[in-house]
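Enquirer: Got a structure for you, questions after.
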Amino acid sequence: MGRRLASWVPRALQSAEARAHARWIDRCAAADAADREASPFVFPHPLVRSFVYHPGDYLSRRIFLHDDFERAELRFAIEWARDGGTILDVGANIGLYTAACAQAPGAPRRVIAIEPAPETFARLRLTCERLGLRDVVLANVAAGARRGISRLICEPHRRDVHHHLADARAGGPGQGLPVETMPLDELCGDPAVVALVKIDVEGHEPEVLAGAPRILANGRARLIVEVFPAGLQAAGASPDDLWTHLQATHECVGVLASDGTERRAVRESLDAGGPEAVVNTLWTPRTA
């Protein structure tokens, strides 16, 4: 029905809902065709400028079909990327934040995209190649508190957005892929010039922050940090631990639910929705 409406009713007479539905139908068809043909393609994104659709990838399909995906978080990232400096995309996945920051107008910058999962890293590399992104450094490692080797659990039944380092969840330390871990303070080059850090590592955020004391104390770095209570518990931490660690150097300026709803920027907002509910938190340095 949506495609018939789009084909013969003048655009000016279509309701906003009808136009959105027709657009969604058209994009579903394009995604389905790309999945069948295993053919990635570049498409315009209202905030990121351009992005890449990866066939068969859950996150790609979500971003391509729904322009509202993490809209407020992306705006925050793009705003501070304009100032230049070094930007760290920790848990980069297929590179949405990497692309958003690398393509933002403004001062020159360097983006370091960190993604430990081999198959996901290959998609991340393809994103950067297809978009012609310059000044992007790709790191196929995991961020951690110190240098070493950990194990990455890739749960096939939970999509690749749920890869995580070994912890108390299904797939113990004896399973998974060996991955190198490095602290962010070493990965970034010069911690003093880090302007933005996005961290999405399925509950291992406190461990990542433990490897970034110089970045956190530089008085410049803005943060986007995912809070996943169940993942934090499995990794031996809690939302309280994460909040306390961040508050030592930063002030929370936003808490955003997965549906885009904005909550009060207070500790209690992390618990709404239960242990499986994910929120993203936005932070500015207290000395800024």
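Within each chain, counting starts at residue 1; across the structure tokens, chains are named A, B, ... in the order shown, with ligands numbered 1 upward in that order.
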Which residues of region 64-180 of chain A come within 9 Å of region 224-234 of chain A, and for each one, what is the closest pair of atoms and their distance in Å to one decimal, counting only C-alpha atoms, sorted by chain and residue number, as JSON lines?
Expert:
{"residue": "A:Glu73", "atom": "CA", "partner": "A:Ile224", "partner_atom": "CA", "distance": 7.3}
{"residue": "A:Phe76", "atom": "CA", "partner": "A:Ile224", "partner_atom": "CA", "distance": 8.4}
{"residue": "A:Ala77", "atom": "CA", "partner": "A:Ile224", "partner_atom": "CA", "distance": 7.9}
{"residue": "A:His164", "atom": "CA", "partner": "A:Gly231", "partner_atom": "CA", "distance": 8.8}
{"residue": "A:Asp167", "atom": "CA", "partner": "A:Ala234", "partner_atom": "CA", "distance": 5.8}
{"residue": "A:Ala168", "atom": "CA", "partner": "A:Ala234", "partner_atom": "CA", "distance": 4.7}
{"residue": "A:Arg169", "atom": "CA", "partner": "A:Ala234", "partner_atom": "CA", "distance": 5.9}
Enquirer: If you count only C-alpha atoms, which residues fall within 7 Å of Ala257 (chain A), apart from same-chain ones fewer than 4 positions away, as a list of chain:residue names?
Expert: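 In the requested format, the answer is A:Thr261, A:Glu262, A:Val278, A:Val279, A:Asn280.
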Enquirer: Find, counting only C-alpha atoms, the residue in A:Cys188, A:Ala38, A:Val48, A:Leu74 that gets nearest to Ile215 (chain A).
Expert: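 Distance minimum relative to Ile215 (chain A) lands on A:Cys188.
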Enquirer: Ala102 (chain A): which residues within 7 Å, counting only C-alpha atoms, same-chain residues fewer than 2 positions away excluded, as a PDB file with N, CA and C atoms, in the first residue's frame?
Expert:
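Heads up, here's the output in selection37.pdb:
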ATOM      1  N   THR A  98      32.604   6.937  14.318  1.00  0.00           N
ATOM      2  CA  THR A  98      33.827   7.240  13.589  1.00  0.00           C
ATOM      3  C   THR A  98      33.519   8.074  12.358  1.00  0.00           C
ATOM      4  N   ALA A  99      32.531   7.646  11.591  1.00  0.00           N
ATOM      5  CA  ALA A  99      32.154   8.382  10.382  1.00  0.00           C
ATOM      6  C   ALA A  99      31.585   9.752  10.718  1.00  0.00           C
ATOM      7  N   ALA A 100      30.750   9.830  11.761  1.00  0.00           N
ATOM      8  CA  ALA A 100      30.147  11.103  12.143  1.00  0.00           C
ATOM      9  C   ALA A 100      31.222  12.115  12.514  1.00  0.00           C
ATOM     10  N   ALA A 104      32.631  15.478  10.261  1.00  0.00           N
ATOM     11  CA  ALA A 104      32.123  16.728  10.820  1.00  0.00           C
ATOM     12  C   ALA A 104      32.956  17.903  10.319  1.00  0.00           C
ATOM     13  N   VAL A 111      40.748  10.577  14.370  1.00  0.00           N
ATOM     14  CA  VAL A 111      39.807   9.648  14.986  1.00  0.00           C
ATOM     15  C   VAL A 111      40.487   8.290  15.111  1.00  0.00           C
ATOM     16  N   LEU A 133      37.435   8.045   4.323  1.00  0.00           N
ATOM     17  CA  LEU A 133      37.729   8.803   5.538  1.00  0.00           C
ATOM     18  C   LEU A 133      39.235   8.949   5.720  1.00  0.00           C
TER      19      LEU A 133
END
Enquirer: So which residues of region 3-160 of chain A fall under alpha helix (DSSP H) by DSSP, listed as a ChimeraX atom specification?
Expert: /A:3-8,16-37,58-65,71-81,96-102,118-131
Enquirer: Name the residues in contact with His66 (chain A) at a cut-off of 10 Å, using only C-alpha atoms, excluding same-chain residues fewer than 4 positions from it; report them as a VMD selection string.
Expert: chain A and resid 24 27 61 to 62 70
Enquirer: Kindly save the residues from that selection, with C-alpha atoms included, as a PDB file, in the first residue's frame.
Expert:
ATOM      1  CA  TRP A  24      10.592   3.015   4.974  1.00  0.00           C
ATOM      2  CA  ARG A  27      14.502   1.356   2.175  1.00  0.00           C
ATOM      3  CA  ARG A  61      19.793  -2.196   8.954  1.00  0.00           C
ATOM      4  CA  ARG A  62      18.710  -0.345  12.102  1.00  0.00           C
ATOM      5  CA  GLU A  70      21.036   7.682  18.791  1.00  0.00           C
TER       6      GLU A  70
END
Enquirer: I'd like the neighbourhood of Leu209 (chain A) as a ChimeraX atom specification, where a residue qualifies if any of its atoms comes within 12 Å (using only C-alpha atoms), though same-chain residues fewer than 5 positions away should be ignored.
Expert: /A:90,143-146,182-185,197-201,203-204,214-217,223-225,241-249
Enquirer: Restricting it to N, CA and C atoms, dump the selection as an mmCIF file, in the first residue's frame.
Expert:
data_model
loop_
_atom_site.group_PDB
_atom_site.id
_atom_site.type_symbol
_atom_site.label_atom_id
_atom_site.label_comp_id
_atom_site.auth_asym_id
_atom_site.auth_seq_id
_atom_site.Cartn_x
_atom_site.Cartn_y
_atom_site.Cartn_z
ATOM 1 N N VAL A 90 35.491 3.905 21.122
ATOM 2 C CA VAL A 90 35.839 2.658 21.802
ATOM 3 C C VAL A 90 34.648 1.699 21.716
ATOM 4 N N ALA A 143 40.144 -2.067 24.430
ATOM 5 C CA ALA A 143 40.626 -1.126 25.440
ATOM 6 C C ALA A 143 40.479 -1.771 26.817
ATOM 7 N N GLY A 144 41.486 -1.567 27.667
ATOM 8 C CA GLY A 144 41.432 -2.165 28.994
ATOM 9 C C GLY A 144 42.239 -1.361 29.991
ATOM 10 N N ALA A 145 42.324 -1.877 31.202
ATOM 11 C CA ALA A 145 43.048 -1.174 32.258
ATOM 12 C C ALA A 145 44.552 -1.242 32.058
ATOM 13 N N ARG A 146 45.043 -2.256 31.345
ATOM 14 C CA ARG A 146 46.480 -2.432 31.174
ATOM 15 C C ARG A 146 46.737 -3.268 29.916
ATOM 16 N N MET A 182 44.762 -2.874 25.483
ATOM 17 C CA MET A 182 45.663 -1.738 25.667
ATOM 18 C C MET A 182 44.923 -0.623 26.385
ATOM 19 N N PRO A 183 45.593 0.112 27.275
ATOM 20 C CA PRO A 183 44.949 1.253 27.925
ATOM 21 C C PRO A 183 44.802 2.430 26.961
ATOM 22 N N LEU A 184 43.717 3.182 27.096
ATOM 23 C CA LEU A 184 43.469 4.314 26.215
ATOM 24 C C LEU A 184 44.559 5.367 26.316
ATOM 25 N N ASP A 185 45.135 5.564 27.490
ATOM 26 C CA ASP A 185 46.191 6.558 27.641
ATOM 27 C C ASP A 185 47.386 6.250 26.740
ATOM 28 N N VAL A 197 35.507 11.059 23.777
ATOM 29 C CA VAL A 197 35.629 9.604 23.906
ATOM 30 C C VAL A 197 34.224 9.012 23.942
ATOM 31 N N LYS A 198 33.947 8.064 23.042
ATOM 32 C CA LYS A 198 32.701 7.302 23.092
ATOM 33 C C LYS A 198 33.039 5.882 23.499
ATOM 34 N N ILE A 199 32.369 5.377 24.544
ATOM 35 C CA ILE A 199 32.672 4.033 25.054
ATOM 36 C C ILE A 199 31.393 3.198 25.080
ATOM 37 N N ASP A 200 31.407 2.097 24.348
ATOM 38 C CA ASP A 200 30.284 1.158 24.308
ATOM 39 C C ASP A 200 30.885 -0.238 24.272
ATOM 40 N N VAL A 201 31.069 -0.836 25.462
ATOM 41 C CA VAL A 201 31.773 -2.118 25.547
ATOM 42 C C VAL A 201 31.014 -3.131 26.409
ATOM 43 N N GLY A 203 29.397 -3.372 29.294
ATOM 44 C CA GLY A 203 29.581 -3.596 30.719
ATOM 45 C C GLY A 203 31.011 -3.475 31.210
ATOM 46 N N HIS A 204 31.976 -3.393 30.289
ATOM 47 C CA HIS A 204 33.376 -3.282 30.679
ATOM 48 C C HIS A 204 33.869 -1.835 30.669
ATOM 49 N N ARG A 214 44.769 9.826 32.523
ATOM 50 C CA ARG A 214 45.306 11.077 31.988
ATOM 51 C C ARG A 214 44.321 11.741 31.029
ATOM 52 N N ILE A 215 43.591 10.932 30.276
ATOM 53 C CA ILE A 215 42.552 11.501 29.397
ATOM 54 C C ILE A 215 41.449 12.138 30.231
ATOM 55 N N LEU A 216 40.989 11.430 31.258
ATOM 56 C CA LEU A 216 39.901 11.942 32.089
ATOM 57 C C LEU A 216 40.289 13.233 32.803
ATOM 58 N N ALA A 217 41.564 13.389 33.092
ATOM 59 C CA ALA A 217 42.019 14.562 33.844
ATOM 60 C C ALA A 217 42.486 15.708 32.955
ATOM 61 N N LEU A 223 32.597 12.998 27.037
ATOM 62 C CA LEU A 223 32.416 11.548 27.056
ATOM 63 C C LEU A 223 30.997 11.157 26.678
ATOM 64 N N ILE A 224 30.888 10.068 25.939
ATOM 65 C CA ILE A 224 29.616 9.372 25.707
ATOM 66 C C ILE A 224 29.837 7.956 26.213
ATOM 67 N N VAL A 225 29.134 7.571 27.278
ATOM 68 C CA VAL A 225 29.398 6.293 27.933
ATOM 69 C C VAL A 225 28.102 5.500 28.061
ATOM 70 N N ASP A 241 29.436 2.110 40.612
ATOM 71 C CA ASP A 241 30.875 2.184 40.377
ATOM 72 C C ASP A 241 31.187 3.095 39.194
ATOM 73 N N LEU A 242 30.449 2.907 38.110
ATOM 74 C CA LEU A 242 30.691 3.686 36.902
ATOM 75 C C LEU A 242 30.395 5.162 37.134
ATOM 76 N N TRP A 243 29.267 5.447 37.776
ATOM 77 C CA TRP A 243 28.876 6.833 38.048
ATOM 78 C C TRP A 243 29.914 7.524 38.938
ATOM 79 N N THR A 244 30.352 6.840 39.986
ATOM 80 C CA THR A 244 31.329 7.415 40.911
ATOM 81 C C THR A 244 32.649 7.703 40.211
ATOM 82 N N HIS A 245 33.090 6.770 39.379
ATOM 83 C CA HIS A 245 34.342 6.959 38.646
ATOM 84 C C HIS A 245 34.262 8.185 37.746
ATOM 85 N N LEU A 246 33.174 8.321 37.012
ATOM 86 C CA LEU A 246 33.039 9.429 36.077
ATOM 87 C C LEU A 246 32.875 10.767 36.792
ATOM 88 N N GLN A 247 32.142 10.759 37.889
ATOM 89 C CA GLN A 247 31.889 12.008 38.598
ATOM 90 C C GLN A 247 33.142 12.621 39.216
ATOM 91 N N ALA A 248 34.185 11.841 39.377
ATOM 92 C CA ALA A 248 35.413 12.379 39.945
ATOM 93 C C ALA A 248 36.011 13.476 39.076
ATOM 94 N N THR A 249 35.811 13.386 37.757
ATOM 95 C CA THR A 249 36.401 14.362 36.833
ATOM 96 C C THR A 249 35.378 15.048 35.937
#
Enquirer: Restricting the calculation to only C-alpha atoms: of A:Asn140, A:Ser150, A:Thr287, A:Thr181, which residue gets closest to Val208 (chain A)?
Expert: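 For Val208 (chain A), the nearest of the candidates is A:Thr181.
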Enquirer: Report, in Å with one decimal, the straight-line distance from CA of Gly85 (chain A) to CA of Ala195 (chain A).
Expert: 5.5 Å
